[in-house]
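Heads up, coords.cif below (mmCIF, C-alpha atoms (C1' of nucleotides)):
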```cif
data_coords
loop_
_atom_site.group_PDB
_atom_site.id
_atom_site.type_symbol
_atom_site.label_atom_id
_atom_site.label_comp_id
_atom_site.auth_asym_id
_atom_site.auth_seq_id
_atom_site.Cartn_x
_atom_site.Cartn_y
_atom_site.Cartn_z
ATOM 1 C CA MET A 1 95.495 124.044 85.602
ATOM 2 C CA ARG A 2 99.087 123.798 84.549
ATOM 3 C CA ASN A 3 99.897 122.308 81.208
ATOM 4 C CA THR A 4 102.002 119.386 82.354
ATOM 5 C CA VAL A 5 103.153 116.417 80.321
ATOM 6 C CA ALA A 6 100.888 114.067 82.267
ATOM 7 C CA LYS A 7 97.883 116.292 81.672
ATOM 8 C CA GLN A 8 98.562 116.547 77.936
ATOM 9 C CA GLU A 9 99.029 112.822 77.493
ATOM 10 C CA ILE A 10 96.042 111.795 79.569
ATOM 11 C CA GLU A 11 93.765 114.330 77.950
ATOM 12 C CA GLN A 12 94.795 113.158 74.506
ATOM 13 C CA LEU A 13 94.350 109.539 75.488
ATOM 14 C CA ILE A 14 90.807 110.053 76.682
ATOM 15 C CA THR A 15 89.707 112.359 73.884
ATOM 16 C CA THR A 16 91.049 110.163 71.108
ATOM 17 C CA SER A 17 89.860 106.898 72.629
ATOM 18 C CA GLU A 18 86.850 105.233 71.083
ATOM 19 C CA VAL A 19 85.921 103.761 74.422
ATOM 20 C CA ALA A 20 85.663 104.995 77.978
ATOM 21 C CA LEU A 21 88.733 104.272 80.088
ATOM 22 C CA SER A 22 89.250 103.435 83.739
ATOM 23 C CA PRO A 23 92.140 104.944 85.729
ATOM 24 C CA SER A 24 94.054 101.658 85.582
ATOM 25 C CA GLU A 25 93.535 101.406 81.826
ATOM 26 C CA VAL A 26 94.894 104.921 81.443
ATOM 27 C CA GLU A 27 97.846 104.000 83.607
ATOM 28 C CA THR A 28 98.610 100.945 81.472
ATOM 29 C CA GLN A 29 98.422 102.873 78.228
ATOM 30 C CA LEU A 30 100.717 105.579 79.560
ATOM 31 C CA ASP A 31 103.262 102.847 80.208
ATOM 32 C CA GLY A 32 105.090 104.423 83.115
ATOM 33 C CA LEU A 33 104.914 108.035 81.977
ATOM 34 C CA CYS A 34 103.654 109.052 85.380
ATOM 35 C CA ASN A 35 102.693 107.690 88.745
ATOM 36 C CA ARG A 36 99.448 105.868 89.429
ATOM 37 C CA VAL A 37 98.371 108.550 91.885
ATOM 38 C CA THR A 38 98.945 111.234 89.260
ATOM 39 C CA VAL A 39 96.563 109.467 86.896
ATOM 40 C CA TYR A 40 93.796 109.682 89.481
ATOM 41 C CA ARG A 41 94.526 113.322 90.196
ATOM 42 C CA VAL A 42 94.765 114.406 86.574
ATOM 43 C CA LEU A 43 91.538 112.623 85.653
ATOM 44 C CA GLU A 44 89.833 114.322 88.570
ATOM 45 C CA ARG A 45 91.016 117.725 87.435
ATOM 46 C CA LEU A 46 90.109 117.164 83.794
ATOM 47 C CA GLU A 47 86.632 116.250 84.954
ATOM 48 C CA LYS A 48 86.322 119.377 87.097
ATOM 49 C CA GLU A 49 87.302 121.453 84.088
ATOM 50 C CA GLY A 50 84.522 119.808 82.097
ATOM 51 C CA ILE A 51 86.897 118.368 79.515
ATOM 52 C CA ILE A 52 85.963 114.799 80.332
ATOM 53 C CA HIS A 53 83.152 113.200 82.285
ATOM 54 C CA LYS A 54 83.011 110.219 84.567
ATOM 55 C CA PHE A 55 80.541 107.480 85.312
ATOM 56 C CA THR A 56 80.535 103.894 86.492
ATOM 57 C CA ASN A 57 80.014 100.873 84.265
ATOM 58 C CA VAL A 58 77.663 98.031 85.175
ATOM 59 C CA ASN A 59 80.276 96.424 87.378
ATOM 60 C CA GLY A 60 80.873 99.575 89.364
ATOM 61 C CA VAL A 61 84.155 100.348 87.636
ATOM 62 C CA LEU A 62 84.936 104.035 87.290
ATOM 63 C CA LYS A 63 85.232 105.153 83.670
ATOM 64 C CA TYR A 64 86.176 108.396 81.986
ATOM 65 C CA ALA A 65 85.263 109.626 78.523
ATOM 66 C CA SER A 66 85.529 112.882 76.647
ATOM 67 C CA CYS A 67 82.636 115.196 75.999
ATOM 68 C CA HIS A 68 81.893 115.900 72.365
ATOM 69 C CA ASN A 69 78.571 117.660 72.484
ATOM 70 C CA CYS A 70 78.355 119.307 75.852
ATOM 71 C CA SER A 71 80.825 122.113 75.217
ATOM 72 C CA THR A 72 78.515 123.638 72.640
ATOM 73 C CA GLN A 73 75.626 123.843 75.045
ATOM 74 C CA ASN A 74 74.954 126.314 77.806
ATOM 75 C CA LYS A 75 74.910 123.761 80.529
ATOM 76 C CA HIS A 76 77.172 120.769 80.707
ATOM 77 C CA HIS A 77 75.309 117.593 81.442
ATOM 78 C CA HIS A 78 76.138 113.977 80.973
ATOM 79 C CA ASN A 79 72.785 112.384 81.197
ATOM 80 C CA HIS A 80 73.304 110.380 78.075
ATOM 81 C CA ALA A 81 73.453 106.611 78.128
ATOM 82 C CA HIS A 82 76.545 104.426 78.219
ATOM 83 C CA PHE A 83 76.765 100.996 76.726
ATOM 84 C CA ASN A 84 78.754 98.186 78.285
ATOM 85 C CA CYS A 85 79.392 95.296 75.907
ATOM 86 C CA VAL A 86 79.587 91.991 77.743
ATOM 87 C CA LYS A 87 81.619 90.385 74.950
ATOM 88 C CA CYS A 88 84.428 92.821 74.171
ATOM 89 C CA GLY A 89 84.120 94.705 77.448
ATOM 90 C CA ASP A 90 84.120 98.073 75.712
ATOM 91 C CA VAL A 91 82.209 100.897 77.307
ATOM 92 C CA THR A 92 81.051 103.617 74.964
ATOM 93 C CA CYS A 93 79.024 106.801 75.155
ATOM 94 C CA LEU A 94 75.670 106.871 73.431
ATOM 95 C CA GLU A 95 75.615 110.636 73.379
ATOM 96 C CA ASN A 96 72.275 110.917 71.697
ATOM 97 C CA VAL A 97 70.475 108.491 73.956
ATOM 98 C CA GLU A 98 68.838 110.193 76.912
ATOM 99 C CA PRO A 99 66.348 108.310 79.049
ATOM 100 C CA SER A 100 62.943 109.699 79.850
ATOM 101 C CA PHE A 101 61.186 108.789 83.079
ATOM 102 C CA ASN A 102 58.507 109.884 85.538
ATOM 103 C CA LEU A 103 59.660 110.349 89.099
ATOM 104 C CA PRO A 104 57.349 110.331 92.112
ATOM 105 C CA LYS A 105 56.942 113.716 93.795
ATOM 106 C CA GLY A 106 59.559 114.873 96.252
ATOM 107 C CA TYR A 107 62.643 113.649 94.466
ATOM 108 C CA LYS A 108 65.123 116.211 93.201
ATOM 109 C CA VAL A 109 67.482 114.789 90.607
ATOM 110 C CA ALA A 110 71.011 116.121 90.277
ATOM 111 C CA GLU A 111 72.726 113.389 88.298
ATOM 112 C CA VAL A 112 71.702 110.541 86.070
ATOM 113 C CA ASN A 113 73.685 107.376 85.604
ATOM 114 C CA PHE A 114 72.214 105.307 82.822
ATOM 115 C CA THR A 115 74.297 102.345 81.750
ATOM 116 C CA LEU A 116 73.088 99.562 79.520
ATOM 117 C CA SER A 117 74.809 96.245 79.138
ATOM 118 C CA GLY A 118 74.481 93.721 76.381
ATOM 119 C CA VAL A 119 76.044 93.109 72.991
ATOM 120 C CA CYS A 120 77.369 95.951 70.870
ATOM 121 C CA PRO A 121 77.106 96.142 67.050
ATOM 122 C CA LYS A 122 80.716 95.027 66.586
ATOM 123 C CA CYS A 123 80.239 91.827 68.569
ATOM 124 C CA LYS A 124 76.819 90.998 67.266
ATOM 125 C CA MET B 1 70.334 76.209 98.668
ATOM 126 C CA ARG B 2 70.674 75.080 102.222
ATOM 127 C CA ASN B 3 68.770 76.891 104.890
ATOM 128 C CA THR B 4 71.663 78.080 107.003
ATOM 129 C CA VAL B 5 71.589 80.652 109.767
ATOM 130 C CA ALA B 6 73.614 83.100 107.694
ATOM 131 C CA LYS B 7 71.225 82.740 104.767
ATOM 132 C CA GLN B 8 68.166 83.299 106.951
ATOM 133 C CA GLU B 9 69.576 86.363 108.644
ATOM 134 C CA ILE B 10 70.917 87.994 105.489
ATOM 135 C CA GLU B 11 67.738 87.335 103.552
ATOM 136 C CA GLN B 12 65.662 88.858 106.322
ATOM 137 C CA LEU B 13 67.973 91.819 106.582
ATOM 138 C CA ILE B 14 67.701 92.649 102.900
ATOM 139 C CA THR B 15 63.983 92.008 102.567
ATOM 140 C CA THR B 16 63.003 94.060 105.602
ATOM 141 C CA SER B 17 65.398 96.920 104.891
ATOM 142 C CA GLU B 18 63.950 100.134 103.544
ATOM 143 C CA VAL B 19 67.164 100.836 101.694
ATOM 144 C CA ALA B 20 69.545 98.883 99.518
ATOM 145 C CA LEU B 21 72.554 97.487 101.356
ATOM 146 C CA SER B 22 76.166 96.899 100.408
ATOM 147 C CA PRO B 23 78.024 93.740 101.488
ATOM 148 C CA SER B 24 79.925 95.685 104.145
ATOM 149 C CA GLU B 25 76.720 97.228 105.476
ATOM 150 C CA VAL B 26 75.221 93.753 105.730
ATOM 151 C CA GLU B 27 78.322 92.571 107.531
ATOM 152 C CA THR B 28 78.110 95.425 110.037
ATOM 153 C CA GLN B 29 74.453 94.812 110.770
ATOM 154 C CA LEU B 30 75.037 91.107 111.291
ATOM 155 C CA ASP B 31 77.565 92.079 113.956
ATOM 156 C CA GLY B 32 79.862 89.081 113.713
ATOM 157 C CA LEU B 33 77.237 86.451 112.997
ATOM 158 C CA CYS B 34 79.295 85.183 110.109
ATOM 159 C CA ASN B 35 82.458 85.795 108.173
ATOM 160 C CA ARG B 36 82.890 88.600 105.655
ATOM 161 C CA VAL B 37 83.442 86.108 102.850
ATOM 162 C CA THR B 38 80.206 84.354 103.735
ATOM 163 C CA VAL B 39 78.304 87.608 103.312
ATOM 164 C CA TYR B 40 79.572 87.912 99.741
ATOM 165 C CA ARG B 41 78.762 84.299 98.965
ATOM 166 C CA VAL B 42 75.277 84.327 100.478
ATOM 167 C CA LEU B 43 74.351 87.563 98.701
ATOM 168 C CA GLU B 44 75.556 86.079 95.456
ATOM 169 C CA ARG B 45 73.429 82.973 95.934
ATOM 170 C CA LEU B 46 70.340 84.916 96.991
ATOM 171 C CA GLU B 47 70.705 86.926 93.824
ATOM 172 C CA LYS B 48 71.025 83.819 91.661
ATOM 173 C CA GLU B 49 67.834 82.494 93.226
ATOM 174 C CA GLY B 50 66.076 85.708 92.265
ATOM 175 C CA ILE B 51 65.228 86.584 95.861
ATOM 176 C CA ILE B 52 67.235 89.780 95.780
ATOM 177 C CA HIS B 53 68.785 91.850 93.004
ATOM 178 C CA LYS B 54 71.989 93.772 92.760
ATOM 179 C CA PHE B 55 73.127 96.987 91.162
ATOM 180 C CA THR B 56 75.725 99.674 91.705
ATOM 181 C CA ASN B 57 75.041 103.093 93.154
ATOM 182 C CA VAL B 58 76.373 106.297 91.605
ATOM 183 C CA ASN B 59 79.743 105.840 93.294
ATOM 184 C CA GLY B 60 80.173 102.330 91.972
ATOM 185 C CA VAL B 61 79.340 100.695 95.284
ATOM 186 C CA LEU B 62 77.631 97.331 94.994
ATOM 187 C CA LYS B 63 74.152 97.288 96.531
ATOM 188 C CA TYR B 64 71.565 94.613 97.121
ATOM 189 C CA ALA B 65 67.825 94.991 97.536
ATOM 190 C CA SER B 66 64.857 92.660 97.651
ATOM 191 C CA CYS B 67 62.425 92.191 94.811
ATOM 192 C CA HIS B 68 58.811 92.995 95.613
ATOM 193 C CA ASN B 69 57.152 92.977 92.233
ATOM 194 C CA CYS B 70 59.176 90.720 90.061
ATOM 195 C CA SER B 71 58.139 87.404 91.612
ATOM 196 C CA THR B 72 54.573 87.919 90.453
ATOM 197 C CA GLN B 73 55.602 88.396 86.871
ATOM 198 C CA ASN B 74 56.577 85.851 84.280
ATOM 199 C CA LYS B 75 60.006 87.236 83.756
ATOM 200 C CA HIS B 76 62.207 88.639 86.446
ATOM 201 C CA HIS B 77 63.704 91.958 85.492
ATOM 202 C CA HIS B 78 65.223 94.741 87.478
ATOM 203 C CA ASN B 79 65.157 97.532 85.024
ATOM 204 C CA HIS B 80 63.571 99.920 87.464
ATOM 205 C CA ALA B 81 65.354 103.015 88.685
ATOM 206 C CA HIS B 82 67.319 103.418 91.886
ATOM 207 C CA PHE B 83 67.669 106.644 93.770
ATOM 208 C CA ASN B 84 70.824 107.653 95.590
ATOM 209 C CA CYS B 85 70.291 110.501 98.060
ATOM 210 C CA VAL B 86 73.381 112.669 98.378
ATOM 211 C CA LYS B 87 72.333 113.907 101.826
ATOM 212 C CA CYS B 88 71.393 110.819 103.811
ATOM 213 C CA GLY B 89 73.250 108.417 101.512
ATOM 214 C CA ASP B 90 70.269 106.086 101.296
ATOM 215 C CA VAL B 91 69.808 104.100 98.129
ATOM 216 C CA THR B 92 66.258 103.002 97.388
ATOM 217 C CA CYS B 93 64.393 101.177 94.648
ATOM 218 C CA LEU B 94 61.916 103.149 92.594
ATOM 219 C CA GLU B 95 60.158 100.011 91.457
ATOM 220 C CA ASN B 96 57.636 101.788 89.313
ATOM 221 C CA VAL B 97 60.103 103.989 87.498
ATOM 222 C CA GLU B 98 61.344 102.446 84.282
ATOM 223 C CA PRO B 99 63.242 104.545 81.796
ATOM 224 C CA SER B 100 62.302 104.663 78.142
ATOM 225 C CA PHE B 101 64.901 105.269 75.462
ATOM 226 C CA ASN B 102 65.694 104.824 71.781
ATOM 227 C CA LEU B 103 68.808 102.854 70.999
ATOM 228 C CA PRO B 104 70.684 103.013 67.704
ATOM 229 C CA LYS B 105 70.441 99.846 65.610
ATOM 230 C CA GLY B 106 72.738 96.964 66.378
ATOM 231 C CA TYR B 107 72.691 97.131 70.148
ATOM 232 C CA LYS B 108 71.202 94.247 72.070
ATOM 233 C CA VAL B 109 70.350 95.163 75.643
ATOM 234 C CA ALA B 110 70.508 92.552 78.373
ATOM 235 C CA GLU B 111 70.575 94.659 81.510
ATOM 236 C CA VAL B 112 69.693 98.189 82.465
ATOM 237 C CA ASN B 113 71.357 100.103 85.243
ATOM 238 C CA PHE B 114 69.512 103.325 85.901
ATOM 239 C CA THR B 115 70.566 105.191 89.002
ATOM 240 C CA LEU B 116 69.573 108.722 89.848
ATOM 241 C CA SER B 117 71.244 110.846 92.469
ATOM 242 C CA GLY B 118 69.957 113.930 94.190
ATOM 243 C CA VAL B 119 67.824 114.709 97.212
ATOM 244 C CA CYS B 120 65.152 112.331 98.435
ATOM 245 C CA PRO B 121 61.759 113.387 99.867
ATOM 246 C CA LYS B 122 62.914 112.812 103.444
ATOM 247 C CA CYS B 123 65.894 115.166 103.112
ATOM 248 C CA LYS B 124 64.175 117.822 101.051
ATOM 249 C "C1'" DC C 1 115.887 134.943 86.148
ATOM 250 C "C1'" DT C 2 113.490 134.166 90.310
ATOM 251 C "C1'" DA C 3 109.656 133.219 93.436
ATOM 252 C "C1'" DT C 4 105.476 130.883 94.049
ATOM 253 C "C1'" DT C 5 102.702 127.156 94.322
ATOM 254 C "C1'" DA C 6 100.524 123.659 91.437
ATOM 255 C "C1'" DA C 7 101.709 119.206 90.294
ATOM 256 C "C1'" DT C 8 104.231 115.053 91.064
ATOM 257 C "C1'" DG C 9 106.379 110.777 93.195
ATOM 258 C "C1'" DC C 10 106.756 107.843 96.866
ATOM 259 C "C1'" DA C 11 105.362 105.269 100.706
ATOM 260 C "C1'" DA C 12 101.952 103.876 103.424
ATOM 261 C "C1'" DC C 13 97.382 103.023 104.237
ATOM 262 C "C1'" DA C 14 92.290 101.845 103.597
ATOM 263 C "C1'" DT C 15 88.585 99.400 101.469
ATOM 264 C "C1'" DA C 16 86.569 96.036 98.416
ATOM 265 C "C1'" DG C 17 86.406 91.788 96.549
ATOM 266 C "C1'" DT C 18 88.499 86.942 95.472
ATOM 267 C "C1'" DT C 19 90.572 82.286 96.075
ATOM 268 C "C1'" DG C 20 92.275 77.913 98.066
ATOM 269 C "C1'" DC C 21 91.750 74.756 101.447
ATOM 270 C "C1'" DG C 22 90.610 72.412 105.585
ATOM 271 C "C1'" DT C 23 86.499 72.130 108.695
ATOM 272 C "C1'" DT C 24 81.689 72.287 109.854
ATOM 273 C "C1'" DT C 25 76.946 71.285 109.194
ATOM 274 C "C1'" DA C 26 72.314 70.872 106.640
ATOM 275 C "C1'" DT C 27 70.058 67.389 104.441
ATOM 276 C "C1'" DA C 28 68.858 63.094 102.388
ATOM 277 C "C1'" DA C 29 69.273 58.264 102.593
ATOM 278 C "C1'" DA C 30 70.022 54.075 105.256
ATOM 279 C "C1'" DT D 1 68.332 57.739 114.802
ATOM 280 C "C1'" DT D 2 72.541 57.346 112.611
ATOM 281 C "C1'" DT D 3 75.534 58.025 108.781
ATOM 282 C "C1'" DA D 4 77.286 59.756 104.330
ATOM 283 C "C1'" DT D 5 77.725 63.557 101.308
ATOM 284 C "C1'" DA D 6 78.477 67.772 99.552
ATOM 285 C "C1'" DA D 7 77.036 72.476 100.367
ATOM 286 C "C1'" DA D 8 78.346 76.093 103.192
ATOM 287 C "C1'" DC D 9 81.607 78.110 106.141
ATOM 288 C "C1'" DG D 10 85.960 80.283 108.383
ATOM 289 C "C1'" DC D 11 90.439 81.572 107.921
ATOM 290 C "C1'" DA D 12 94.412 83.337 105.771
ATOM 291 C "C1'" DA D 13 96.366 85.237 102.063
ATOM 292 C "C1'" DC D 14 96.116 87.786 98.057
ATOM 293 C "C1'" DT D 15 94.767 91.279 94.276
ATOM 294 C "C1'" DA D 16 92.718 95.461 92.828
ATOM 295 C "C1'" DT D 17 91.268 99.962 93.626
ATOM 296 C "C1'" DG D 18 91.434 104.265 95.597
ATOM 297 C "C1'" DT D 19 93.311 107.757 99.237
ATOM 298 C "C1'" DT D 20 96.507 110.672 102.085
ATOM 299 C "C1'" DG D 21 100.678 113.082 103.895
ATOM 300 C "C1'" DC D 22 104.783 114.949 102.794
ATOM 301 C "C1'" DA D 23 109.002 116.092 100.539
ATOM 302 C "C1'" DT D 24 110.507 117.249 95.801
ATOM 303 C "C1'" DT D 25 109.943 118.983 91.108
ATOM 304 C "C1'" DA D 26 108.573 122.049 87.640
ATOM 305 C "C1'" DA D 27 105.053 125.326 85.193
ATOM 306 C "C1'" DT D 28 104.106 129.946 85.085
ATOM 307 C "C1'" DA D 29 103.633 134.778 86.479
ATOM 308 C "C1'" DG D 30 106.188 138.762 87.501
#
```
Can the structure from this file be put into structure tokens for me?
Amino acid sequence: MRNTVAKQEIEQLITTSEVALSPSEVETQLDGLCNRVTVYRVLERLEKEGIIHKFTNVNGVLKYASCHNCSTQNKHHHNHAHFNCVKCGDVTCLENVEPSFNLPKGYKVAEVNFTLSGVCPKCK
Amino acid sequence: MRNTVAKQEIEQLITTSEVALSPSEVETQLDGLCNRVTVYRVLERLEKEGIIHKFTNVNGVLKYASCHNCSTQNKHHHNHAHFNCVKCGDVTCLENVEPSFNLPKGYKVAEVNFTLSGVCPKCK
DNA sequence: CTATTAATGCAACATAGTTGCGTTTATAAA
DNA sequence: TTTATAAACGCAACTATGTTGCATTAATAG
């Protein structure tokens, strides 16, 4: 992947952000640095490279966040929980929260999307 | 809520369906019985009445499914898992699968969205 | 410095969901 | 049974989100 200006800026934005960002939020924060389509494409590529991960919030909105732990492990996985605050709207990774569950036989799980909504500590 | 034709048909569709349905899937199956906007509005009302529940699949697509267990309990809750098969595309309720997890202090959970993707027993 | 091709911008399109408003119709009351 | 009322509906228009094709630009290897 080429080291373009758009890639640098978007990667920095996501990795330094406290909260997960949607493509349109990224676009807004870039303030015209690049085209809307480029935002989608760069985010897609960053995710393929394993630099960031994606998931959907409780409303079905696509969100991206950076990985902090996964790079140190053998296998990348993003099965941790995400929290969607209904007051401030922030979506954050709860990297240490992994759900446990018992599936019926016959199901083969590839991905886990575990998003909680409610009130975060800041808004409490 | 008035007992309209659209309400009857959509309620029956959702409750008899083996899989969760999106608004557009409902619209297709109704085959012109009512307007697209009506589908959204009826689904919304059915959900408010607690007859059906909604959630988003792994791709962020809104899905509706009927409640089988919750009406017999004191409190309605839809914290069970949903399974999204990547082969057939079906999204089904796993009504008996509830995730357990340990949240950090300060978070107050209102809703749980727990969607697994992978291969279902039929497609295995 | 040059060639290659990844990356971008633009325009156009597709899908999903929402809103306002005039009309229809289920339901309760006369 | 008829009538009044407001819920429910249809239509049109709009916003947001995401995608695709293609010509142009620019990062990088040689």
Using the chain letters and numbers from the file, give me the residues hit by the PyMOL selection byres ((chain A) within 9 of (chain B)), as a PyMOL selection string. chain A and resi 55-62+83+94+96-122+124
Pose of chain B fitted onto chain A, C-alpha LSQ, given as a compact mmCIF listing (two decimals) with C-alpha atoms, in the coordinates of the input:
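What landed in result-v4.txt:
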```txt
# COMPACT_ATOMS: atom_id res chain seq x y z
CA MET B 1 95.45 124.01 85.59
CA ARG B 2 99.05 123.76 84.59
CA ASN B 3 99.91 122.30 81.26
CA THR B 4 102.00 119.37 82.40
CA VAL B 5 103.14 116.42 80.34
CA ALA B 6 100.89 114.06 82.27
CA LYS B 7 97.89 116.30 81.69
CA GLN B 8 98.56 116.55 77.96
CA GLU B 9 99.02 112.84 77.49
CA ILE B 10 96.02 111.79 79.58
CA GLU B 11 93.75 114.35 77.97
CA GLN B 12 94.78 113.17 74.52
CA LEU B 13 94.34 109.56 75.50
CA ILE B 14 90.79 110.07 76.69
CA THR B 15 89.70 112.38 73.89
CA THR B 16 91.03 110.19 71.10
CA SER B 17 89.85 106.91 72.61
CA GLU B 18 86.83 105.25 71.07
CA VAL B 19 85.91 103.76 74.41
CA ALA B 20 85.67 104.99 77.97
CA LEU B 21 88.74 104.27 80.08
CA SER B 22 89.28 103.43 83.73
CA PRO B 23 92.17 104.94 85.72
CA SER B 24 94.08 101.66 85.56
CA GLU B 25 93.56 101.40 81.81
CA VAL B 26 94.90 104.93 81.43
CA GLU B 27 97.87 104.01 83.58
CA THR B 28 98.62 100.95 81.44
CA GLN B 29 98.43 102.89 78.20
CA LEU B 30 100.72 105.60 79.53
CA ASP B 31 103.27 102.86 80.17
CA GLY B 32 105.10 104.43 83.09
CA LEU B 33 104.91 108.04 81.96
CA CYS B 34 103.66 109.04 85.37
CA ASN B 35 102.70 107.68 88.74
CA ARG B 36 99.44 105.86 89.43
CA VAL B 37 98.37 108.55 91.88
CA THR B 38 98.95 111.22 89.26
CA VAL B 39 96.56 109.45 86.91
CA TYR B 40 93.79 109.68 89.51
CA ARG B 41 94.53 113.32 90.22
CA VAL B 42 94.76 114.41 86.59
CA LEU B 43 91.53 112.62 85.67
CA GLU B 44 89.83 114.29 88.59
CA ARG B 45 91.00 117.73 87.48
CA LEU B 46 90.10 117.16 83.83
CA GLU B 47 86.63 116.24 84.99
CA LYS B 48 86.31 119.35 87.14
CA GLU B 49 87.28 121.44 84.13
CA GLY B 50 84.50 119.80 82.15
CA ILE B 51 86.88 118.38 79.55
CA ILE B 52 85.96 114.81 80.35
CA HIS B 53 83.15 113.19 82.32
CA LYS B 54 83.02 110.20 84.57
CA PHE B 55 80.56 107.45 85.33
CA THR B 56 80.57 103.86 86.49
CA ASN B 57 80.04 100.85 84.27
CA VAL B 58 77.68 98.01 85.17
CA ASN B 59 80.31 96.39 87.38
CA GLY B 60 80.91 99.55 89.35
CA VAL B 61 84.19 100.32 87.63
CA LEU B 62 84.96 104.01 87.29
CA LYS B 63 85.24 105.15 83.67
CA TYR B 64 86.18 108.39 82.00
CA ALA B 65 85.25 109.63 78.55
CA SER B 66 85.53 112.89 76.67
CA CYS B 67 82.63 115.22 76.04
CA HIS B 68 81.87 115.92 72.39
CA ASN B 69 78.54 117.68 72.53
CA CYS B 70 78.34 119.32 75.87
CA SER B 71 80.83 122.12 75.26
CA THR B 72 78.57 123.63 72.63
CA GLN B 73 75.65 123.83 74.98
CA ASN B 74 74.91 126.30 77.71
CA LYS B 75 74.85 123.75 80.44
CA HIS B 76 77.13 120.78 80.67
CA HIS B 77 75.27 117.60 81.40
CA HIS B 78 76.14 113.98 80.98
CA ASN B 79 72.79 112.38 81.23
CA HIS B 80 73.29 110.36 78.09
CA ALA B 81 73.45 106.59 78.15
CA HIS B 82 76.54 104.42 78.24
CA PHE B 83 76.77 100.98 76.75
CA ASN B 84 78.78 98.18 78.29
CA CYS B 85 79.41 95.28 75.90
CA VAL B 86 79.61 91.98 77.73
CA LYS B 87 81.64 90.38 74.93
CA CYS B 88 84.43 92.82 74.13
CA GLY B 89 84.13 94.70 77.43
CA ASP B 90 84.12 98.06 75.69
CA VAL B 91 82.22 100.88 77.31
CA THR B 92 81.04 103.62 74.97
CA CYS B 93 79.01 106.80 75.17
CA LEU B 94 75.66 106.86 73.44
CA GLU B 95 75.60 110.63 73.38
CA ASN B 96 72.24 110.90 71.71
CA VAL B 97 70.45 108.47 73.97
CA GLU B 98 68.81 110.17 76.92
CA PRO B 99 66.33 108.28 79.04
CA SER B 100 62.93 109.68 79.87
CA PHE B 101 61.17 108.80 83.10
CA ASN B 102 58.51 109.91 85.56
CA LEU B 103 59.66 110.40 89.11
CA PRO B 104 57.38 110.40 92.14
CA LYS B 105 56.98 113.80 93.80
CA GLY B 106 59.61 114.98 96.22
CA TYR B 107 62.69 113.74 94.43
CA LYS B 108 65.17 116.27 93.14
CA VAL B 109 67.51 114.83 90.54
CA ALA B 110 71.03 116.15 90.19
CA GLU B 111 72.74 113.41 88.22
CA VAL B 112 71.68 110.55 86.02
CA ASN B 113 73.65 107.37 85.61
CA PHE B 114 72.20 105.28 82.82
CA THR B 115 74.27 102.32 81.77
CA LEU B 116 73.09 99.54 79.53
CA SER B 117 74.83 96.22 79.13
CA GLY B 118 74.50 93.69 76.38
CA VAL B 119 76.06 93.09 72.98
CA CYS B 120 77.37 95.93 70.86
CA PRO B 121 77.10 96.14 67.05
CA LYS B 122 80.71 95.05 66.57
CA CYS B 123 80.25 91.83 68.55
CA LYS B 124 76.80 90.97 67.27
```
At most 10 Å from (100.8, 104.7, 103.9), file frame, all atoms listed in the file: which residues, as a PDB file with C-alpha atoms (C1' of nucleotides), keeping the file's coordinate frame?
```
ATOM      1  C1'  DC C  10     106.756 107.843  96.866  1.00  0.00           C
ATOM      2  C1'  DA C  11     105.362 105.269 100.706  1.00  0.00           C
ATOM      3  C1'  DA C  12     101.952 103.876 103.424  1.00  0.00           C
ATOM      4  C1'  DC C  13      97.382 103.023 104.237  1.00  0.00           C
ATOM      5  C1'  DA C  14      92.290 101.845 103.597  1.00  0.00           C
TER       6       DA C  14
ATOM      7  C1'  DT D  19      93.311 107.757  99.237  1.00  0.00           C
ATOM      8  C1'  DT D  20      96.507 110.672 102.085  1.00  0.00           C
ATOM      9  C1'  DG D  21     100.678 113.082 103.895  1.00  0.00           C
TER      10       DG D  21
END
```
Using all atoms listed in the file, determine which residues of chain C fall within 12 Å of chain B; present them as a JSON list (two decimals) with C-alpha atoms (C1' of nucleotides), keeping the file's coordinate frame.
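Once everything was written out, this is out34.json:
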```
[["chain", "number", "residue", "atom", "x", "y", "z"],
["C", 15, "DT", "C1'", 88.58, 99.40, 101.47],
["C", 16, "DA", "C1'", 86.57, 96.04, 98.42],
["C", 17, "DG", "C1'", 86.41, 91.79, 96.55],
["C", 18, "DT", "C1'", 88.50, 86.94, 95.47],
["C", 19, "DT", "C1'", 90.57, 82.29, 96.08],
["C", 24, "DT", "C1'", 81.69, 72.29, 109.85],
["C", 25, "DT", "C1'", 76.95, 71.28, 109.19],
["C", 26, "DA", "C1'", 72.31, 70.87, 106.64],
["C", 27, "DT", "C1'", 70.06, 67.39, 104.44]]
```
Quick one: residues within 12 Å of DA28 of chain C, only C-alpha atoms (C1' of nucleotides), excluding same-chain residues fewer than 5 positions away - as a list in words?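 The residues that qualify are DT3, DA4, DT5 and DA6 of chain D.
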Taking the file as shown, find all residues satisfying the PyMOL selection byres ((chain A and resi 53) around 8) and write them as a list in words.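 Evaluating the PyMOL selection byres ((chain A and resi 53) around 8) on this file yields Glu47, Gly50, Ile51, Ile52, Lys54, Phe55, Tyr64, Ala65, Ser66, Cys67 and His78 of chain A.
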Please produce a file of those selected residues containing C-alpha atoms, as a compact mmCIF listing (two decimals), in the frame of the given file.
```txt
# COMPACT_ATOMS: atom_id res chain seq x y z
CA GLU A 47 86.63 116.25 84.95
CA GLY A 50 84.52 119.81 82.10
CA ILE A 51 86.90 118.37 79.52
CA ILE A 52 85.96 114.80 80.33
CA LYS A 54 83.01 110.22 84.57
CA PHE A 55 80.54 107.48 85.31
CA TYR A 64 86.18 108.40 81.99
CA ALA A 65 85.26 109.63 78.52
CA SER A 66 85.53 112.88 76.65
CA CYS A 67 82.64 115.20 76.00
CA HIS A 78 76.14 113.98 80.97
```
